[in-house]
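The block underneath contains the structure these notes are about, expressed in structure tokens.
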Amino acid sequence: MKKVQDEIITTIPIDQKYSRIVTEDNTRKMPYLRCVIKESLRFHPPLPLVQRKSIQDAKVQGFHIPTKTTVIINACSIGRDPKSWTEPEKFLAERFMDSEVDFRGQHFKLILFGAGRRGCPDIPFATATVESVLANVLHRFDWELPAGEHDLDMTEVVGITVH
């Protein structure tokens with residue numbers, strides 16, 4: 001959090017620092033903020049199961065998938081797969097710093113919002129919104145656990161969405 005806050009403070013122009021509003025123009029110059037968002041979505045995907053229907057017969061890893069078969073992709077497992085990620089159970093935003101991997105449907109190891117024709121059409125809008133909101137919240141507040149607390153229970157309950 002401190003590293004993102006430092007990036008936000010150093011990125012905002014001097015004349016804007018005290019207006020306390022981070023704009024979309026500012027967030028475009030915050031690569032570490034985007035890394036934190038990608039890592040958060042990898043670690044805690046909003047839709048852990050992506051459902052698709054095959055449009056033609058296919059063979060996947062030796063298995064025959066007939067036409068019109070419902071296929072469920074487990075994005076949560078893919079995001080924590082040690083074959084795809086180094087230390088997948090650790091939150092390491094830096095893993096995205098020099099990486100082209102994105103959640104816009106071009107890279108299977110981070111397929112959070114679908115891909116191709118069935119991909120979410122609002123990814124650009126959602127990305128800009130999340131970047132602006134997160135930057136503004138982190139710019140205005142220092143988050144910490146209550147006195148005496150040393151850990152935050154992040155246990156997830158998986159269903160159609162994660163909660």
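Identifiers in this document derive from the order of the structure tokens: chains are assigned A, B, ..., residues are numbered from 1 separately in each chain, and ligands are numbered from 1 in order of occurrence.
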
### Secondary structure check, strand (DSSP E) residues of segment 30-87 of chain A, as a list in words
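Result set for segment 30-87 of chain A (strand (DSSP E)): Leu49, Val50, Gln51, Arg52, Lys53, Ala58, Lys59, Val60, Phe63, His64, Ile65, Thr70, Val71, Ile72, Ile73 and Asn74 of chain A.
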
Please, could you write that set of residues out with all heavy atoms as a tab-separated table (two decimals), in the first residue's frame?
```
chain	number	residue	atom	x	y	z
A	49	LEU	N	-15.46	-18.80	-11.92
A	49	LEU	CA	-15.80	-19.79	-12.94
A	49	LEU	C	-16.34	-19.08	-14.18
A	49	LEU	O	-17.31	-18.32	-14.11
A	49	LEU	CB	-16.86	-20.77	-12.40
A	49	LEU	CG	-16.47	-21.52	-11.14
A	49	LEU	CD1	-17.64	-22.34	-10.64
A	49	LEU	CD2	-15.25	-22.40	-11.35
A	50	VAL	N	-15.69	-19.32	-15.32
A	50	VAL	CA	-16.10	-18.73	-16.59
A	50	VAL	C	-16.73	-19.85	-17.41
A	50	VAL	O	-16.10	-20.88	-17.66
A	50	VAL	CB	-14.91	-18.11	-17.34
A	50	VAL	CG1	-15.34	-17.53	-18.68
A	50	VAL	CG2	-14.22	-17.05	-16.48
A	51	GLN	N	-17.96	-19.67	-17.83
A	51	GLN	CA	-18.70	-20.72	-18.55
A	51	GLN	C	-18.79	-20.38	-20.03
A	51	GLN	O	-19.13	-19.26	-20.40
A	51	GLN	CB	-20.09	-20.84	-17.95
A	51	GLN	CG	-20.93	-21.91	-18.57
A	51	GLN	CD	-22.26	-22.05	-17.87
A	51	GLN	OE1	-22.36	-21.94	-16.66
A	51	GLN	NE2	-23.31	-22.28	-18.65
A	52	ARG	N	-18.51	-21.38	-20.87
A	52	ARG	CA	-18.63	-21.23	-22.32
A	52	ARG	C	-19.23	-22.49	-22.90
A	52	ARG	O	-19.19	-23.55	-22.28
A	52	ARG	CB	-17.26	-20.97	-22.98
A	52	ARG	CG	-16.66	-19.64	-22.60
A	52	ARG	CD	-17.43	-18.51	-23.26
A	52	ARG	NE	-16.92	-17.24	-22.90
A	52	ARG	CZ	-17.44	-16.44	-21.98
A	52	ARG	NH1	-18.50	-16.82	-21.31
A	52	ARG	NH2	-16.94	-15.27	-21.72
A	53	LYS	N	-19.70	-22.42	-24.14
A	53	LYS	CA	-20.23	-23.58	-24.85
A	53	LYS	C	-19.40	-23.75	-26.11
A	53	LYS	O	-19.17	-22.78	-26.85
A	53	LYS	CB	-21.70	-23.36	-25.18
A	53	LYS	CG	-22.39	-24.62	-25.67
A	53	LYS	CD	-23.88	-24.41	-25.79
A	53	LYS	CE	-24.46	-24.56	-24.42
A	53	LYS	NZ	-25.89	-24.80	-24.37
A	58	ALA	N	-13.89	-30.53	-30.48
A	58	ALA	CA	-12.51	-30.14	-30.19
A	58	ALA	C	-11.83	-31.24	-29.38
A	58	ALA	O	-12.49	-32.08	-28.76
A	58	ALA	CB	-12.49	-28.83	-29.43
A	59	LYS	N	-10.53	-31.23	-29.40
A	59	LYS	CA	-9.75	-32.15	-28.58
A	59	LYS	C	-8.84	-31.29	-27.71
A	59	LYS	O	-8.06	-30.49	-28.22
A	59	LYS	CB	-8.94	-33.09	-29.46
A	59	LYS	CG	-8.46	-34.31	-28.73
A	59	LYS	CD	-8.02	-35.37	-29.74
A	59	LYS	CE	-8.01	-36.71	-29.06
A	59	LYS	NZ	-9.12	-37.56	-29.45
A	60	VAL	N	-9.00	-31.41	-26.39
A	60	VAL	CA	-8.22	-30.62	-25.44
A	60	VAL	C	-7.49	-31.58	-24.50
A	60	VAL	O	-8.13	-32.33	-23.76
A	60	VAL	CB	-9.13	-29.65	-24.63
A	60	VAL	CG1	-8.32	-28.87	-23.62
A	60	VAL	CG2	-9.87	-28.71	-25.56
A	63	PHE	N	-8.75	-35.03	-24.46
A	63	PHE	CA	-10.18	-35.23	-24.21
A	63	PHE	C	-10.99	-34.70	-25.39
A	63	PHE	O	-10.74	-33.61	-25.90
A	63	PHE	CB	-10.61	-34.48	-22.94
A	63	PHE	CG	-10.02	-35.03	-21.68
A	63	PHE	CD1	-8.87	-34.46	-21.14
A	63	PHE	CD2	-10.60	-36.12	-21.03
A	63	PHE	CE1	-8.31	-34.97	-19.97
A	63	PHE	CE2	-10.05	-36.62	-19.87
A	63	PHE	CZ	-8.91	-36.05	-19.35
A	64	HIS	N	-11.98	-35.49	-25.79
A	64	HIS	CA	-12.88	-35.07	-26.87
A	64	HIS	C	-13.99	-34.21	-26.28
A	64	HIS	O	-14.70	-34.61	-25.37
A	64	HIS	CB	-13.48	-36.30	-27.56
A	64	HIS	CG	-14.50	-35.94	-28.59
A	64	HIS	ND1	-14.17	-35.33	-29.78
A	64	HIS	CD2	-15.84	-36.07	-28.61
A	64	HIS	CE1	-15.27	-35.11	-30.48
A	64	HIS	NE2	-16.31	-35.55	-29.79
A	65	ILE	N	-14.15	-33.00	-26.81
A	65	ILE	CA	-15.21	-32.08	-26.38
A	65	ILE	C	-16.18	-31.95	-27.55
A	65	ILE	O	-15.87	-31.33	-28.57
A	65	ILE	CB	-14.64	-30.67	-26.03
A	65	ILE	CG1	-13.44	-30.74	-25.10
A	65	ILE	CG2	-15.74	-29.77	-25.49
A	65	ILE	CD1	-13.74	-31.25	-23.72
A	70	THR	N	-21.08	-27.59	-22.61
A	70	THR	CA	-20.79	-26.49	-21.69
A	70	THR	C	-19.44	-26.77	-21.03
A	70	THR	O	-19.22	-27.84	-20.46
A	70	THR	CB	-21.88	-26.37	-20.61
A	70	THR	OG1	-23.12	-26.08	-21.27
A	70	THR	CG2	-21.55	-25.26	-19.63
A	71	VAL	N	-18.54	-25.82	-21.14
A	71	VAL	CA	-17.21	-25.93	-20.57
A	71	VAL	C	-17.08	-24.87	-19.49
A	71	VAL	O	-17.41	-23.70	-19.71
A	71	VAL	CB	-16.12	-25.73	-21.66
A	71	VAL	CG1	-14.73	-25.80	-21.06
A	71	VAL	CG2	-16.29	-26.74	-22.77
A	72	ILE	N	-16.60	-25.27	-18.32
A	72	ILE	CA	-16.42	-24.32	-17.23
A	72	ILE	C	-14.92	-24.17	-16.97
A	72	ILE	O	-14.23	-25.15	-16.69
A	72	ILE	CB	-17.16	-24.80	-15.96
A	72	ILE	CG1	-18.66	-24.87	-16.25
A	72	ILE	CG2	-16.87	-23.85	-14.80
A	72	ILE	CD1	-19.49	-25.45	-15.14
A	73	ILE	N	-14.45	-22.95	-17.08
A	73	ILE	CA	-13.03	-22.64	-16.87
A	73	ILE	C	-12.89	-22.09	-15.46
A	73	ILE	O	-13.56	-21.14	-15.08
A	73	ILE	CB	-12.55	-21.61	-17.91
A	73	ILE	CG1	-12.76	-22.16	-19.32
A	73	ILE	CG2	-11.09	-21.24	-17.67
A	73	ILE	CD1	-12.68	-21.13	-20.41
A	74	ASN	N	-12.00	-22.68	-14.69
A	74	ASN	CA	-11.80	-22.28	-13.31
A	74	ASN	C	-10.70	-21.20	-13.26
A	74	ASN	O	-9.52	-21.50	-13.14
A	74	ASN	CB	-11.42	-23.48	-12.45
A	74	ASN	CG	-11.41	-23.17	-10.99
A	74	ASN	OD1	-11.22	-22.03	-10.58
A	74	ASN	ND2	-11.62	-24.19	-10.18
```

#### Entry: Filtered DSSP result for segment 124-161 of chain A, state alpha helix (DSSP H), as JSON, numbers by chain
{"A": [124, 125, 126, 127, 128, 129, 130, 131, 132, 133, 134, 135, 136, 137, 138, 139, 140]}

Output the selection as a PDB file, in the first residue's frame - C-alpha atoms for each residue.
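result_19.pdb, freshly written:
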```
ATOM      1  CA  PRO A 124     -11.954  -0.442 -20.664  1.00  0.00           C
ATOM      2  CA  PHE A 125     -14.631   1.411 -18.680  1.00  0.00           C
ATOM      3  CA  ALA A 126     -14.244  -0.870 -15.644  1.00  0.00           C
ATOM      4  CA  THR A 127     -10.447  -0.595 -15.744  1.00  0.00           C
ATOM      5  CA  ALA A 128     -10.497   3.214 -15.821  1.00  0.00           C
ATOM      6  CA  THR A 129     -13.075   3.312 -13.023  1.00  0.00           C
ATOM      7  CA  VAL A 130     -11.210   0.877 -10.757  1.00  0.00           C
ATOM      8  CA  GLU A 131      -7.910   2.707 -11.323  1.00  0.00           C
ATOM      9  CA  SER A 132      -9.445   6.112 -10.488  1.00  0.00           C
ATOM     10  CA  VAL A 133     -11.392   4.915  -7.454  1.00  0.00           C
ATOM     11  CA  LEU A 134      -8.486   2.924  -5.988  1.00  0.00           C
ATOM     12  CA  ALA A 135      -6.016   5.760  -6.580  1.00  0.00           C
ATOM     13  CA  ASN A 136      -8.326   8.277  -4.895  1.00  0.00           C
ATOM     14  CA  VAL A 137      -9.029   6.019  -1.906  1.00  0.00           C
ATOM     15  CA  LEU A 138      -5.328   5.241  -1.401  1.00  0.00           C
ATOM     16  CA  HIS A 139      -4.426   8.917  -1.850  1.00  0.00           C
ATOM     17  CA  ARG A 140      -6.851  10.044   0.859  1.00  0.00           C
TER      18      ARG A 140
END
```

#### Entry: Test item: residues at most 12 Å from Gln106 of chain A, only C-alpha atoms, excluding those fewer than 4 positions along its chain, as a PyMOL selection string
chain A and resi 100-102+110-117+119

Write to file, as an mmCIF file, in the first residue's frame, the residues of the selection just made, with N, CA, C and O atoms.
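Contents of out22.cif, freshly written:
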```cif
data_model
loop_
_atom_site.group_PDB
_atom_site.id
_atom_site.type_symbol
_atom_site.label_atom_id
_atom_site.label_comp_id
_atom_site.auth_asym_id
_atom_site.auth_seq_id
_atom_site.Cartn_x
_atom_site.Cartn_y
_atom_site.Cartn_z
ATOM 1 N N GLU A 100 3.577 -8.379 -20.166
ATOM 2 C CA GLU A 100 2.493 -7.960 -21.057
ATOM 3 C C GLU A 100 1.180 -8.636 -20.688
ATOM 4 O O GLU A 100 0.147 -8.353 -21.297
ATOM 5 N N VAL A 101 1.197 -9.533 -19.705
ATOM 6 C CA VAL A 101 -0.008 -10.253 -19.301
ATOM 7 C C VAL A 101 -1.040 -9.266 -18.789
ATOM 8 O O VAL A 101 -0.749 -8.413 -17.960
ATOM 9 N N ASP A 102 -2.236 -9.370 -19.336
ATOM 10 C CA ASP A 102 -3.319 -8.470 -18.973
ATOM 11 C C ASP A 102 -4.600 -9.278 -18.839
ATOM 12 O O ASP A 102 -4.655 -10.429 -19.254
ATOM 13 N N LEU A 110 -4.597 -15.342 -17.220
ATOM 14 C CA LEU A 110 -5.311 -14.295 -16.478
ATOM 15 C C LEU A 110 -6.597 -13.959 -17.237
ATOM 16 O O LEU A 110 -6.790 -12.865 -17.728
ATOM 17 N N ILE A 111 -7.474 -14.944 -17.329
ATOM 18 C CA ILE A 111 -8.711 -14.794 -18.112
ATOM 19 C C ILE A 111 -9.866 -14.561 -17.150
ATOM 20 O O ILE A 111 -10.552 -15.463 -16.743
ATOM 21 N N LEU A 112 -10.046 -13.328 -16.748
ATOM 22 C CA LEU A 112 -11.018 -12.999 -15.710
ATOM 23 C C LEU A 112 -12.366 -12.555 -16.248
ATOM 24 O O LEU A 112 -13.386 -12.721 -15.598
ATOM 25 N N PHE A 113 -12.374 -11.971 -17.424
ATOM 26 C CA PHE A 113 -13.605 -11.394 -17.954
ATOM 27 C C PHE A 113 -13.948 -11.949 -19.328
ATOM 28 O O PHE A 113 -14.555 -11.274 -20.141
ATOM 29 N N GLY A 114 -13.544 -13.187 -19.574
ATOM 30 C CA GLY A 114 -13.822 -13.810 -20.855
ATOM 31 C C GLY A 114 -12.820 -13.368 -21.906
ATOM 32 O O GLY A 114 -11.887 -12.621 -21.636
ATOM 33 N N ALA A 115 -13.037 -13.866 -23.131
ATOM 34 C CA ALA A 115 -12.126 -13.548 -24.225
ATOM 35 C C ALA A 115 -12.882 -13.607 -25.539
ATOM 36 O O ALA A 115 -13.975 -14.171 -25.617
ATOM 37 N N GLY A 116 -12.296 -13.005 -26.560
ATOM 38 C CA GLY A 116 -12.891 -13.057 -27.885
ATOM 39 C C GLY A 116 -14.240 -12.366 -27.942
ATOM 40 O O GLY A 116 -14.491 -11.388 -27.243
ATOM 41 N N ARG A 117 -15.126 -12.923 -28.775
ATOM 42 C CA ARG A 117 -16.451 -12.319 -28.968
ATOM 43 C C ARG A 117 -17.266 -12.283 -27.682
ATOM 44 O O ARG A 117 -18.146 -11.451 -27.531
ATOM 45 N N GLY A 119 -16.052 -11.889 -24.633
ATOM 46 C CA GLY A 119 -15.390 -11.143 -23.570
ATOM 47 C C GLY A 119 -16.242 -9.966 -23.114
ATOM 48 O O GLY A 119 -17.091 -9.472 -23.852
#
```

### Task
Can you pull out every residue within 12 Å of Cys76 of chain A, counting only C-alpha atoms, but drop anything in the same chain fewer than 3 positions away, and send it as number ranges by chain?
A: 40-50, 72-73, 79-81, 88-89, 109-112, 156-162

### Task
Just the residues within 9 Å of Met97 of chain A, please, counting only C-alpha atoms, with nothing from its chain fewer than 6 positions along; format it as a PyMOL selection string.
chain A and resi 31-32+34-35

### Query
Could you work out how far atom CA of Cys120 of chain A lies from atom CA of Lys29 of chain A, giving the answer in Å with one decimal?
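Those two atoms sit 24.7 Å apart.
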
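Counting from atom CA of Leu145 of chain A, the distance to atom CA of Thr86 of chain A is 28.2 Å.
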